[in-house]
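Colleague: My structure is stored as final35.cif, with mmCIF, C-alpha atoms.
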```cif
data_work
#
loop_
_atom_site.label_atom_id
_atom_site.label_comp_id
_atom_site.auth_asym_id
_atom_site.auth_seq_id
_atom_site.Cartn_x
_atom_site.Cartn_y
_atom_site.Cartn_z
CA MET A 610 -29.26 26.18 8.12
CA GLU A 611 -30.54 24.89 4.80
CA TRP A 612 -31.98 21.54 5.76
CA GLU A 613 -32.99 20.47 2.30
CA GLY A 614 -29.41 20.57 1.16
CA MET A 615 -28.08 18.60 4.06
CA CYS A 616 -28.67 15.15 2.70
CA THR A 617 -25.25 13.80 2.02
CA VAL A 618 -25.66 10.10 1.41
CA GLN A 619 -27.16 9.22 -1.92
CA ASP A 620 -29.00 6.04 -2.56
CA ARG A 621 -26.91 4.54 -5.27
CA ASN A 622 -28.98 1.42 -5.61
CA ARG A 623 -26.19 -0.47 -7.20
CA ASP A 624 -25.57 -4.16 -7.17
CA PHE A 625 -22.49 -4.92 -5.22
CA GLY A 626 -19.60 -6.21 -7.19
CA GLY A 627 -19.38 -2.96 -9.12
CA ASP A 628 -19.01 -3.92 -12.75
CA ALA A 629 -19.53 -7.57 -12.04
CA GLY A 630 -23.13 -7.39 -13.12
CA PRO A 631 -26.40 -8.18 -11.44
CA MET A 632 -26.21 -10.40 -8.43
CA GLY A 633 -28.22 -13.19 -9.91
CA ARG A 634 -26.37 -13.51 -13.17
CA ARG A 635 -24.94 -16.91 -13.87
CA THR A 636 -21.19 -16.70 -14.07
CA GLN A 637 -19.99 -20.26 -14.18
CA GLU A 638 -16.69 -19.07 -15.61
CA THR A 639 -16.10 -17.08 -12.41
CA PRO A 640 -14.98 -19.41 -9.67
CA LEU A 641 -15.11 -18.47 -6.03
CA LEU A 642 -11.39 -17.78 -5.83
CA ASN A 643 -11.54 -15.22 -8.63
CA VAL A 644 -14.44 -13.44 -6.96
CA PHE A 645 -12.56 -13.46 -3.69
CA LEU A 646 -9.48 -11.96 -5.26
CA ARG A 647 -11.49 -9.38 -7.15
CA GLN A 648 -13.47 -8.37 -4.11
CA ARG A 649 -10.64 -8.60 -1.63
CA GLU A 650 -10.44 -4.86 -1.12
CA CYS A 651 -14.15 -4.71 -0.50
CA LEU A 652 -13.85 -7.44 2.13
CA LYS A 653 -10.94 -5.60 3.66
CA ARG A 654 -13.03 -2.46 3.83
CA ILE A 655 -15.82 -4.31 5.56
CA ALA A 656 -13.38 -5.79 8.07
CA ALA A 657 -11.91 -2.34 8.71
CA GLY A 658 -15.40 -1.00 9.24
CA MET A 659 -16.04 -3.78 11.72
CA GLY A 660 -13.11 -2.47 13.73
CA MET A 661 -10.29 -4.82 12.80
CA ASP A 662 -6.81 -3.41 12.73
CA SER A 663 -4.44 -4.14 9.87
CA ALA A 664 -2.95 -7.29 11.37
CA ASN A 665 -6.35 -8.67 12.26
CA VAL A 666 -7.68 -7.96 8.80
CA GLU A 667 -4.86 -9.98 7.31
CA ASP A 668 -5.74 -12.84 9.63
CA VAL A 669 -9.39 -12.62 8.75
CA LEU A 670 -8.77 -12.55 5.01
CA GLN A 671 -6.37 -15.41 5.29
CA ASP A 672 -8.97 -17.48 7.08
CA VAL A 673 -11.52 -16.54 4.46
CA SER A 674 -9.12 -17.52 1.69
CA ILE A 675 -8.79 -20.96 3.23
CA GLN A 676 -12.55 -21.26 3.33
CA VAL A 677 -12.59 -20.15 -0.30
CA LEU A 678 -10.28 -22.96 -1.29
CA LYS A 679 -12.41 -25.37 0.69
CA TYR A 680 -15.70 -24.33 -0.85
CA THR A 681 -14.57 -23.72 -4.43
CA GLY A 682 -17.15 -25.08 -6.80
CA ARG A 683 -19.98 -24.84 -4.32
CA PHE A 684 -21.56 -21.75 -5.85
CA GLU A 685 -22.49 -21.01 -9.41
CA GLN A 686 -23.74 -17.44 -9.21
CA GLU A 687 -21.48 -14.54 -8.48
CA GLY A 688 -24.05 -12.88 -6.25
CA MET A 689 -24.22 -15.98 -4.09
CA MET A 690 -20.43 -16.10 -3.94
CA MET A 691 -20.24 -12.48 -2.85
CA ARG A 692 -22.91 -12.89 -0.20
CA TRP A 693 -21.11 -15.95 1.12
CA LEU A 694 -17.77 -14.13 1.12
CA ILE A 695 -19.16 -11.18 3.07
CA ARG A 696 -20.90 -13.40 5.58
CA THR A 697 -17.77 -15.49 6.06
CA THR A 698 -15.63 -12.39 6.48
CA VAL A 699 -18.00 -10.89 9.01
CA ASN A 700 -18.25 -14.14 10.93
CA HIS A 701 -14.48 -14.30 11.22
CA CYS A 702 -14.43 -10.69 12.35
CA LEU A 703 -16.95 -11.47 15.06
CA THR A 704 -15.68 -14.80 16.28
CA GLU A 705 -11.94 -14.34 16.24
CA HIS A 706 -11.46 -10.79 17.31
CA ARG A 707 -13.30 -9.16 20.13
CA ARG A 708 -11.35 -5.96 20.44
CA ARG A 709 -12.46 -3.37 17.98
CA PHE A 710 -11.37 0.10 17.02
CA ARG A 711 -8.25 0.03 19.15
CA ARG A 712 -6.93 3.41 18.18
CA LYS A 713 -8.27 6.02 20.54
CA ALA A 714 -9.60 9.38 19.48
CA SER A 715 -6.54 11.29 20.59
CA ARG A 716 -4.34 9.19 18.33
CA ILE A 717 -6.72 9.54 15.43
CA LEU A 718 -6.69 13.28 15.92
CA ARG A 719 -2.91 13.32 15.90
CA ARG A 720 -3.00 11.54 12.57
CA ARG A 721 -5.63 13.91 11.24
CA PRO A 722 -4.64 17.48 12.06
CA ASP A 723 -7.08 18.69 9.43
CA LEU A 724 -10.06 17.02 11.05
CA GLY A 725 -11.44 20.22 12.53
CA GLN A 726 -11.65 21.76 9.10
CA VAL A 727 -13.07 18.59 7.59
CA MET A 728 -15.83 18.59 10.18
CA GLY A 729 -16.52 22.25 9.51
CA ASP A 730 -15.44 23.37 12.98
CA GLU A 731 -13.78 26.67 13.61
CA GLY A 732 -11.31 27.71 16.24
CA GLU A 733 -8.39 25.88 17.71
CA THR A 734 -7.89 24.36 21.13
CA VAL A 735 -11.42 24.43 22.51
CA VAL A 736 -12.95 23.01 19.36
CA ARG A 737 -10.24 20.40 19.09
CA ALA A 738 -10.86 19.24 22.63
CA GLY A 739 -14.57 19.00 21.91
CA LEU A 740 -13.89 17.11 18.72
CA SER A 741 -11.70 14.66 20.55
CA GLU A 742 -14.48 14.07 23.06
CA GLU A 743 -17.01 13.54 20.29
CA LEU A 744 -14.75 11.21 18.40
CA GLU A 745 -14.10 9.14 21.48
CA ALA A 746 -17.81 8.97 22.23
CA VAL A 747 -18.59 7.69 18.74
CA ARG A 748 -15.70 5.25 18.92
CA GLN A 749 -17.06 3.84 22.15
CA ALA A 750 -20.50 3.64 20.61
CA LEU A 751 -19.15 1.69 17.65
CA ILE A 752 -17.38 -0.68 20.02
CA GLU A 753 -20.52 -1.23 22.04
CA LEU A 754 -22.89 -1.39 19.08
CA ASP A 755 -24.49 -4.75 18.49
CA PRO A 756 -22.46 -6.48 15.75
CA SER A 757 -25.55 -7.11 13.63
CA LEU A 758 -26.29 -3.38 13.67
CA LEU A 759 -22.66 -2.45 13.13
CA LEU A 760 -22.48 -4.69 10.08
CA ILE A 761 -25.50 -3.06 8.51
CA VAL A 762 -24.20 0.43 9.20
CA VAL A 763 -20.81 -0.44 7.76
CA LEU A 764 -22.27 -1.98 4.64
CA ARG A 765 -24.57 0.99 4.10
CA TYR A 766 -22.43 3.96 4.98
CA PHE A 767 -18.87 2.74 4.58
CA CYS A 768 -19.31 0.37 1.65
CA ASP A 769 -22.27 2.12 0.01
CA PHE A 770 -24.45 -0.93 -0.46
CA ASP A 771 -28.11 -0.14 -0.70
CA SER A 772 -30.73 -1.60 1.61
CA LYS A 773 -31.77 -4.25 -0.90
CA ALA A 774 -28.22 -5.56 -1.35
CA ILE A 775 -27.67 -5.51 2.39
CA GLY A 776 -30.89 -7.42 2.85
CA GLU A 777 -29.65 -10.12 0.49
CA ILE A 778 -26.38 -10.37 2.38
CA VAL A 779 -27.83 -10.55 5.86
CA GLU A 780 -30.99 -12.35 4.70
CA MET A 781 -33.50 -9.69 5.70
CA ASN A 782 -35.93 -7.68 3.68
CA ALA A 783 -35.03 -4.14 2.76
CA SER A 784 -37.54 -2.53 5.12
CA THR A 785 -36.08 -4.43 8.07
CA VAL A 786 -32.66 -3.26 7.04
CA ARG A 787 -33.90 0.32 7.00
CA ALA A 788 -35.39 -0.11 10.45
CA ARG A 789 -32.09 -1.49 11.76
CA LEU A 790 -30.24 1.37 10.16
CA ARG A 791 -32.50 3.89 11.86
CA GLU A 792 -31.97 2.15 15.16
CA ALA A 793 -28.20 2.14 14.80
CA ARG A 794 -28.08 5.74 13.64
CA MET A 795 -30.18 6.90 16.57
CA ILE A 796 -27.87 5.04 18.96
CA LEU A 797 -24.83 6.77 17.50
CA ALA A 798 -26.51 10.17 17.48
CA GLY A 799 -27.81 9.57 20.98
CA THR A 800 -24.27 9.05 22.17
CA LEU A 801 -23.48 12.66 21.34
CA ALA A 802 -26.72 13.88 22.86
CA GLN A 803 -26.35 11.86 26.09
CA ARG A 804 -22.93 13.26 26.74
CA GLY A 805 -24.22 16.76 26.29
CA ILE A 806 -22.00 17.34 23.33
CA GLU A 807 -23.30 20.15 21.23
CA PRO A 808 -22.07 20.11 17.67
CA MET B 284 -51.96 22.25 7.33
CA THR B 285 -51.59 20.21 10.49
CA ARG B 286 -48.61 20.62 12.69
CA THR B 287 -46.39 17.51 12.68
CA SER B 288 -45.29 16.15 16.04
CA CYS B 289 -41.76 15.10 16.89
CA GLU B 290 -42.88 11.53 17.60
CA GLU B 291 -44.44 11.21 14.20
CA LEU B 292 -41.20 12.26 12.54
CA ALA B 293 -38.76 10.35 14.72
CA ASP B 294 -38.29 7.51 12.26
CA ARG B 295 -38.26 9.73 9.22
CA ILE B 296 -35.47 12.03 10.33
CA VAL B 297 -32.87 9.36 9.62
CA ASP B 298 -34.31 8.77 6.17
CA TYR B 299 -34.41 12.50 5.61
CA VAL B 300 -30.76 12.94 6.56
CA ASP B 301 -29.95 10.01 4.29
CA ALA B 302 -31.98 11.59 1.46
CA GLU B 303 -34.14 8.52 1.15
CA LEU B 304 -37.48 10.23 1.59
CA PRO B 305 -39.82 11.07 -1.25
CA ALA B 306 -39.85 14.78 -2.04
CA ASP B 307 -43.21 15.52 -0.44
CA GLU B 308 -42.27 13.81 2.84
CA ALA B 309 -38.86 15.49 2.81
CA ARG B 310 -40.56 18.88 2.59
CA ILE B 311 -42.67 18.07 5.64
CA VAL B 312 -39.64 16.99 7.64
CA ALA B 313 -37.65 20.03 6.54
CA ARG B 314 -40.44 22.32 7.64
CA HIS B 315 -40.61 20.63 11.00
CA LEU B 316 -36.87 20.83 11.50
CA SER B 317 -36.90 24.53 10.79
CA GLU B 318 -39.40 24.97 13.61
CA CYS B 319 -38.19 22.43 16.19
CA PRO B 320 -34.76 22.98 17.77
CA ARG B 321 -34.83 19.58 19.46
CA CYS B 322 -35.35 17.63 16.25
CA ARG B 323 -32.88 19.89 14.52
CA GLN B 324 -30.37 18.92 17.19
CA THR B 325 -31.19 15.26 16.61
CA ALA B 326 -30.63 15.66 12.88
CA ASN B 327 -27.37 17.43 13.58
CA ASN B 328 -26.25 14.61 15.83
CA LEU B 329 -27.25 12.03 13.25
CA GLU B 330 -25.24 13.72 10.59
CA ARG B 331 -22.26 14.49 12.77
CA SER B 332 -22.04 11.07 14.42
CA LEU B 333 -22.00 9.43 11.00
CA ARG B 334 -19.22 11.71 9.82
CA LEU B 335 -17.21 10.90 12.92
CA ALA B 336 -17.84 7.19 12.42
CA LYS B 337 -16.53 7.53 8.87
CA VAL B 338 -13.43 9.23 10.23
CA ILE B 339 -12.83 6.23 12.48
CA TRP B 340 -13.48 3.75 9.68
CA ASP B 341 -11.25 5.67 7.30
CA ASP B 342 -8.51 5.81 9.89
CA ASN B 343 -8.70 2.06 10.34
CA LEU B 344 -8.67 1.44 6.61
CA ALA B 345 -5.95 4.01 5.90
CA ASP B 346 -3.72 2.21 8.33
CA MET B 347 -3.88 -1.06 6.47
CA THR B 348 -3.93 0.56 3.03
CA ALA B 349 -0.73 2.41 3.79
CA ILE B 350 0.91 -0.76 4.97
CA ARG B 351 -0.27 -2.84 2.06
CA ASN B 352 0.45 -0.39 -0.72
CA ASP B 353 3.36 -2.47 -1.84
CA ALA B 354 1.20 -5.48 -2.43
CA VAL B 355 -1.71 -4.04 -4.36
CA GLY B 356 -1.82 -3.17 -7.99
CA ALA B 357 -4.16 -1.30 -10.25
CA GLY B 358 -7.32 -3.21 -10.84
CA PRO B 359 -11.06 -3.01 -10.99
CA ARG B 360 -12.95 -1.25 -8.26
CA ALA B 361 -13.67 -3.80 -5.64
CA CYS B 362 -16.32 -2.10 -3.59
CA PRO B 363 -19.20 0.04 -4.76
CA SER B 364 -17.84 2.95 -2.81
CA SER B 365 -17.97 6.55 -3.83
CA GLU B 366 -14.81 7.36 -1.98
CA GLY B 367 -11.48 7.92 -3.64
CA ASN B 368 -8.85 5.30 -3.73
CA HIS B 369 -10.17 2.50 -1.62
CA GLY B 370 -11.34 0.44 -4.55
CA VAL B 371 -7.91 -0.80 -5.45
CA GLY B 372 -7.26 -4.04 -7.21
CA PHE B 373 -5.96 -7.28 -5.86
CA PRO B 374 -2.39 -8.42 -5.68
CA ASN B 375 -1.38 -11.17 -8.06
CA ALA B 376 1.06 -12.39 -5.48
CA ILE B 377 -1.83 -13.39 -3.29
CA LEU B 378 -2.61 -16.28 -5.61
CA SER B 379 0.73 -17.85 -4.97
CA ARG B 380 0.52 -17.12 -1.28
CA LEU B 381 -2.90 -18.50 -0.69
CA GLY B 382 -1.67 -22.03 -0.34
CA SER B 383 0.67 -21.30 2.53
CA ARG B 384 -1.04 -20.17 5.66
CA LEU B 385 1.85 -19.53 7.98
CA PRO B 386 3.81 -17.00 5.94
CA LEU B 387 0.68 -14.93 5.63
CA ARG B 388 0.17 -14.72 9.39
CA ARG B 389 0.62 -11.13 10.43
CA PRO B 390 2.99 -10.33 7.56
CA TYR B 391 2.63 -6.65 8.23
CA GLY B 392 1.64 -6.80 11.82
CA ARG B 393 2.53 -4.39 14.54
CA THR B 394 6.19 -3.70 15.00
CA THR B 395 7.32 -4.80 18.40
CA LYS B 396 10.25 -3.40 20.33
CA LEU B 397 12.05 -6.71 19.85
CA SER B 398 11.63 -6.67 16.10
CA ARG B 399 12.76 -3.06 15.98
CA ARG B 400 15.86 -3.99 17.96
CA ILE B 401 16.56 -6.94 15.68
CA SER B 402 16.20 -4.67 12.68
CA PHE B 403 18.66 -2.24 14.22
CA TYR B 404 21.27 -4.94 14.80
CA ALA B 405 20.76 -6.32 11.31
CA LEU B 406 21.25 -2.86 9.89
CA ALA B 407 24.38 -2.31 11.96
CA ALA B 408 25.83 -5.67 10.85
CA ALA B 409 25.09 -4.89 7.21
CA ALA B 410 26.77 -1.50 7.54
CA THR B 411 29.87 -3.08 9.10
CA VAL B 412 30.17 -5.66 6.32
CA LEU B 413 29.74 -2.96 3.73
CA LEU B 414 32.40 -0.79 5.34
CA ALA B 415 34.89 -3.66 5.56
CA THR B 416 34.32 -4.67 1.96
CA GLY B 417 34.71 -1.12 0.76
CA SER B 418 37.96 -0.63 2.69
CA SER B 419 39.43 -3.86 1.32
CA LEU B 420 38.52 -2.88 -2.20
CA LEU B 421 40.11 0.54 -1.80
CA LEU B 422 43.29 -1.01 -0.38
CA PHE B 423 43.48 -3.51 -3.24
CA LEU B 424 43.04 -0.82 -5.83
CA HIS B 425 45.66 1.30 -4.16
CA ARG B 426 48.24 -1.53 -4.25
CA ALA B 427 47.54 -2.76 -7.76
CA PRO B 428 50.36 -2.06 -10.29
CA GLN B 429 49.66 1.16 -12.04
CA PRO B 430 50.33 1.48 -15.78
CA PRO B 431 53.34 3.70 -16.53
CA THR B 432 52.52 7.26 -17.19
CA LEU B 433 54.26 8.47 -20.37
CA THR B 434 55.32 12.06 -20.72
CA PHE B 435 55.76 13.73 -24.05
CA GLU B 436 59.52 13.85 -23.53
CA GLU B 437 59.66 10.08 -22.90
CA VAL B 438 57.74 9.43 -26.08
CA GLN B 439 60.06 11.67 -27.99
CA ARG B 440 63.12 9.88 -26.55
CA GLN B 441 61.80 6.40 -27.44
CA VAL B 442 60.92 7.48 -30.96
CA ALA B 443 64.42 8.91 -31.43
CA ARG B 444 66.05 5.69 -30.17
CA ALA B 445 63.88 3.54 -32.38
CA GLY B 446 64.75 5.72 -35.36
CA THR B 447 68.49 5.57 -34.69
CA ALA B 448 68.38 1.80 -34.25
CA ALA B 449 66.44 1.42 -37.47
CA GLN B 450 68.96 3.53 -39.37
CA LEU B 451 71.88 1.47 -37.95
CA LEU B 452 70.13 -1.77 -38.87
CA ALA B 453 69.45 -0.59 -42.40
CA ALA B 454 73.06 0.44 -42.86
CA THR B 455 74.33 -2.86 -41.47
CA ARG B 456 72.13 -4.84 -43.87
CA ILE B 457 73.55 -2.83 -46.79
CA ILE B 458 77.09 -3.59 -45.63
CA ALA B 459 76.18 -7.25 -45.23
CA GLN B 460 75.56 -7.49 -48.95
CA CYS B 461 79.27 -6.86 -49.58
CA GLU B 462 81.84 -9.65 -49.41
CA GLY B 463 84.20 -9.93 -46.46
CA THR B 464 82.13 -7.82 -44.09
CA GLY B 465 80.81 -10.68 -41.94
CA SER B 466 82.64 -9.82 -38.78
CA ILE B 467 81.83 -6.14 -39.08
CA VAL B 468 78.15 -6.90 -39.61
CA LYS B 469 78.00 -9.20 -36.60
CA GLN B 470 79.74 -6.58 -34.49
CA GLN B 471 77.22 -4.00 -35.63
CA TYR B 472 74.27 -6.27 -34.85
CA ARG B 473 75.60 -6.86 -31.36
CA TYR B 474 75.98 -3.16 -30.86
CA ILE B 475 72.36 -2.55 -31.81
CA LEU B 476 71.22 -5.36 -29.55
CA ARG B 477 73.18 -4.00 -26.64
CA GLU B 478 72.50 -0.31 -26.98
CA TYR B 479 69.00 -0.38 -28.43
CA ALA B 480 67.66 -3.57 -26.97
CA ASP B 481 64.14 -2.20 -26.48
CA THR B 482 63.63 -1.09 -30.08
CA PRO B 483 61.93 -2.84 -33.02
CA ALA B 484 65.30 -3.01 -34.80
CA ALA B 485 66.75 -5.11 -31.99
CA ALA B 486 63.67 -7.35 -32.05
CA SER B 487 64.12 -7.83 -35.77
CA ILE B 488 67.79 -8.82 -35.30
CA ARG B 489 66.82 -11.27 -32.56
CA GLY B 490 64.24 -12.83 -34.81
CA ASN B 491 66.48 -13.23 -37.85
CA HIS B 492 69.96 -13.88 -36.46
CA ASP B 493 71.33 -16.20 -33.83
CA LEU B 494 73.75 -13.85 -32.18
CA LYS B 495 75.38 -14.23 -28.84
CA LEU B 496 75.49 -11.09 -26.77
CA GLY B 497 78.32 -12.29 -24.66
CA GLY B 498 80.97 -10.84 -27.00
CA THR B 499 82.42 -7.42 -26.70
CA GLN B 500 81.95 -4.56 -29.04
CA ASP B 501 85.39 -5.39 -30.42
CA ASP B 502 84.49 -8.96 -31.49
#
```
Show this structure as C-alpha cells.
Modeller:
Amino acid sequence: MEWEGMCTVQDRNRDFGGDAGPMGRRTQETPLLNVFLRQRECLKRIAAGMGMDSANVEDVLQDVSIQVLKYTGRFEQEGMMMRWLIRTTVNHCLTEHRRRFRRKASRILRRRPDLGQVMGDEGETVVRAGLSEELEAVRQALIELDPSLLLIVVLRYFCDFDSKAIGEIVEMNASTVRARLREARMILAGTLAQRGIEP
Amino acid sequence: MTRTSCEELADRIVDYVDAELPADEARIVARHLSECPRCRQTANNLERSLRLAKVIWDDNLADMTAIRNDAVGAGPRACPSSEGNHGVGFPNAILSRLGSRLPLRRPYGRTTKLSRRISFYALAAAATVLLATGSSLLLFLHRAPQPPTLTFEEVQRQVARAGTAAQLLAATRIIAQCEGTGSIVKQQYRYILREYADTPAAASIRGNHDLKLGGTQDD
C-alpha cells in the first residue's frame, strides 16, 4: 500500500461562512436573521452530523430561528453570529434530543447498495456482512461518543472547518482541538479493532 | 537513523492520515507504517472508520435533503464543504414561516400509519368526486341539443327553394306595377308565404306587407 498517497482530508484552512469573508469582519448590514438564513444548510448539516433525523433537525432549526429573532441586534460581526448560531444549534441538538443515528446499519446498507464498491471492498455476501458489522460498530461508537468530541469530529470531517475555526466555535485553542480530534478518531478506529474487524 | 517506536508515533498517525503533518514528519511516519503491521492496521482503521462515519452522516443528511428538496432553492454555498450538493441555498419561504412556530413543527416528519390511512381515504374521496363530476358532465353533453347536420343535398334543396321563391317574388312585384292586379298580387304573396315560408323572399314579404295567411290560394 502506498501510505504517502493515503491522506484524504485536506486542510482547507478556510473561514467558515464560505464567501462571507473573514470571521472578524464587521458586517453591520448583515443582521443575525440573514446570517441564519444563509447558513441554514450548514446548520442542518451539523445537526445531521450530530445524529438528528430529519424531523428533529426541523425542530432544532425552528428553535434556533426563534432564538435568532430574540437575539437579533445582539451581534455586530458575522463571525460572532456564526459562532453563536452553531453553538445554539448544537445545544439544541444535545438538550432536546437524546436519541441519535436511529437508522441502523442494515437499513443504511439497503439504501446504499453501492457501498461495498465505495469502500473499495470486493466480493459479495461475505464482504457485505462484514461491512454491515463495521457500519453498525461505527454507528454505535458515534452514539456513545462524548458530544463534545462528536461535535468537533463533525465540524472537522463533515463540515470541513479547520482546527482554528473549530477552536473559535467551541472556545478552545487549535492545538486542543487537534488533541480532541485525535482522541475521537482513535476511539472510532478502536471500535473496529476491538471487535476484531479486519478491513 | 534511529528506529521510531509505535508509542512515539501514536499521536502523529491521526495527523498523518489527515495529511496535517509537515513533509519531513510524514516521511518518518510513512516509513514506520511500512515496517509495522500493527500501526498500519491502526491507520487503516482510522481511515476506514472515518469513511464509515461519513456514510452514516451522509445517510442522515440525504434523508432530510431528499425530503426538503421542494423547499430549497439555488443559493450561495452555506457550508465550507468539499462535497457535492449539500451547500444548497435557503428557502425564501422560511422568512414568512419563521414567525409561526406551530406550522413548522415536524412539517415533513415521519409518516405514521394513521396519516398514511388518512391520505388513502382522502385520495379515494377525491377520486370518487372526480368520477361523479366527469359522469355528470358526459351525461349533460350527451343530452345537449346538437346542431343540425346539413348534407350537400339539403343545402342544394334549400338553395333551389330560395331561388324559386325569389323568382316568384320578383315576378309578383313586376305585376304589382300594373293597374288592376291587386288581388292577383296578394294571392301570389300568400302563395309564396305558404309554400316558401322559410325563404328570404317570404321574410321580405312579411316585412313589407301586412298579409293575412288565413285566406285560401283562391282569395
Colleague: Convert the output of the PyMOL selection byres ((chain A and resi 766) around 10) on the shown file into explicit residues, formatted as JSON, numbers by chain.
Modeller: {"A": [618, 619, 658, 761, 762, 763, 764, 765, 767, 768, 769, 770, 771, 790], "B": [301, 333, 334, 336, 337, 364]}
Colleague: For CA of Ala293 in chain B and CA of Leu724 in chain A, determine how far apart the two atoms are, in Å to one decimal place.
Modeller: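 These atoms are spaced 29.7 Å apart.
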Colleague: Carefully work through the PyMOL selection byres ((chain A and resi 778) around 9) for this structure and note down the residues it includes, as a compact mmCIF listing (two decimals) with C-alpha atoms, in the coordinates of the input.
Modeller:
```txt
# COMPACT_ATOMS: atom_id res chain seq x y z
CA MET A 689 -24.22 -15.98 -4.09
CA MET A 691 -20.24 -12.48 -2.85
CA ARG A 692 -22.91 -12.89 -0.20
CA TRP A 693 -21.11 -15.95 1.12
CA ILE A 695 -19.16 -11.18 3.07
CA ARG A 696 -20.90 -13.40 5.58
CA LYS A 773 -31.77 -4.25 -0.90
CA ALA A 774 -28.22 -5.56 -1.35
CA ILE A 775 -27.67 -5.51 2.39
CA GLY A 776 -30.89 -7.42 2.85
CA GLU A 777 -29.65 -10.12 0.49
CA VAL A 779 -27.83 -10.55 5.86
CA GLU A 780 -30.99 -12.35 4.70
CA MET A 781 -33.50 -9.69 5.70
```
Colleague: Might you pull out every residue within 10 Å of range 738-755 of chain A, with only C-alpha atoms counted and same-chain residues fewer than 6 positions away left off, and present them as a VMD selection string?
Modeller: (chain A and resid 658 to 660 707 to 718 724 to 725 728 730 762 793 796 to 801 803 to 808) or (chain B and resid 331 to 336 338 to 340)
Colleague: Out of B:Tyr474, B:Ser466, B:Asp298, B:Ser419, which residue has the shortest atom-to-atom distance to Ser784 in chain A when counting only C-alpha atoms?
Modeller: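 Using only C-alpha atoms, Ser784 in chain A sits closest to B:Asp298.
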Colleague: Let me make sure I understand: among A:Leu758, A:Val669, A:Val644, A:Gln676, which one has the smallest atom-to-atom distance to Arg791 in chain A if we use all atoms listed in the file?
Modeller: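 Using all atoms listed in the file, Arg791 in chain A sits closest to A:Leu758.
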Colleague: Give me, please, the distance in Å between CA of Leu452 in chain B and CA of Thr464 in chain B, quoted to one decimal.
Modeller: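 Between CA of Leu452 in chain B and CA of Thr464 in chain B the gap works out to 14.4 Å.
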Colleague: Looking at all atoms listed in the file, which of B:Ile467, B:Leu421, B:Glu462, B:Asp481 is the one that sits closest to Val442 in chain B?
Modeller: B:Asp481
Colleague: If you apply the PyMOL selection byres ((chain A and resi 673) around 9) to this file, what residues do you get, as an MDAnalysis selection string?
Modeller: chainID A and resid 645 668:672 674:678 694 697:698 701
Colleague: Nearest to chain A among B:Ala449, B:Ala480, B:Leu329, B:Val312, with distances taken over all atoms listed in the file: which residue is it?
Modeller: B:Leu329
Colleague: Suppose you want the space between CA of His315 in chain B and CA of Val786 in chain A; what is it in Å?
Modeller: 25.5 Å
Colleague: Could you put an axis-aligned box around every listed atom of range 419-422 of chain B, padded by 3 Å on each side, and send me its centre and edge lengths in Å to one decimal, as lines of an AutoDock Vina configuration file?
Modeller:
```
center_x = 40.9
center_y = -1.7
center_z = -0.4
size_x = 10.8
size_y = 10.4
size_z = 9.5
```
Colleague: So, with all atoms listed in the file as the atoms that count, which of A:Gly729, A:Glu687, A:Ser757, A:Val699 lies closest to chain B?
Modeller: A:Gly729
Colleague: Rank nothing, just name the residue among B:Ala409, B:Ala302, B:Leu292, B:Ala345 nearest to chain A, using all atoms listed in the file.
Modeller: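 Answer, going by the shortest atom-to-atom distance: B:Ala302.
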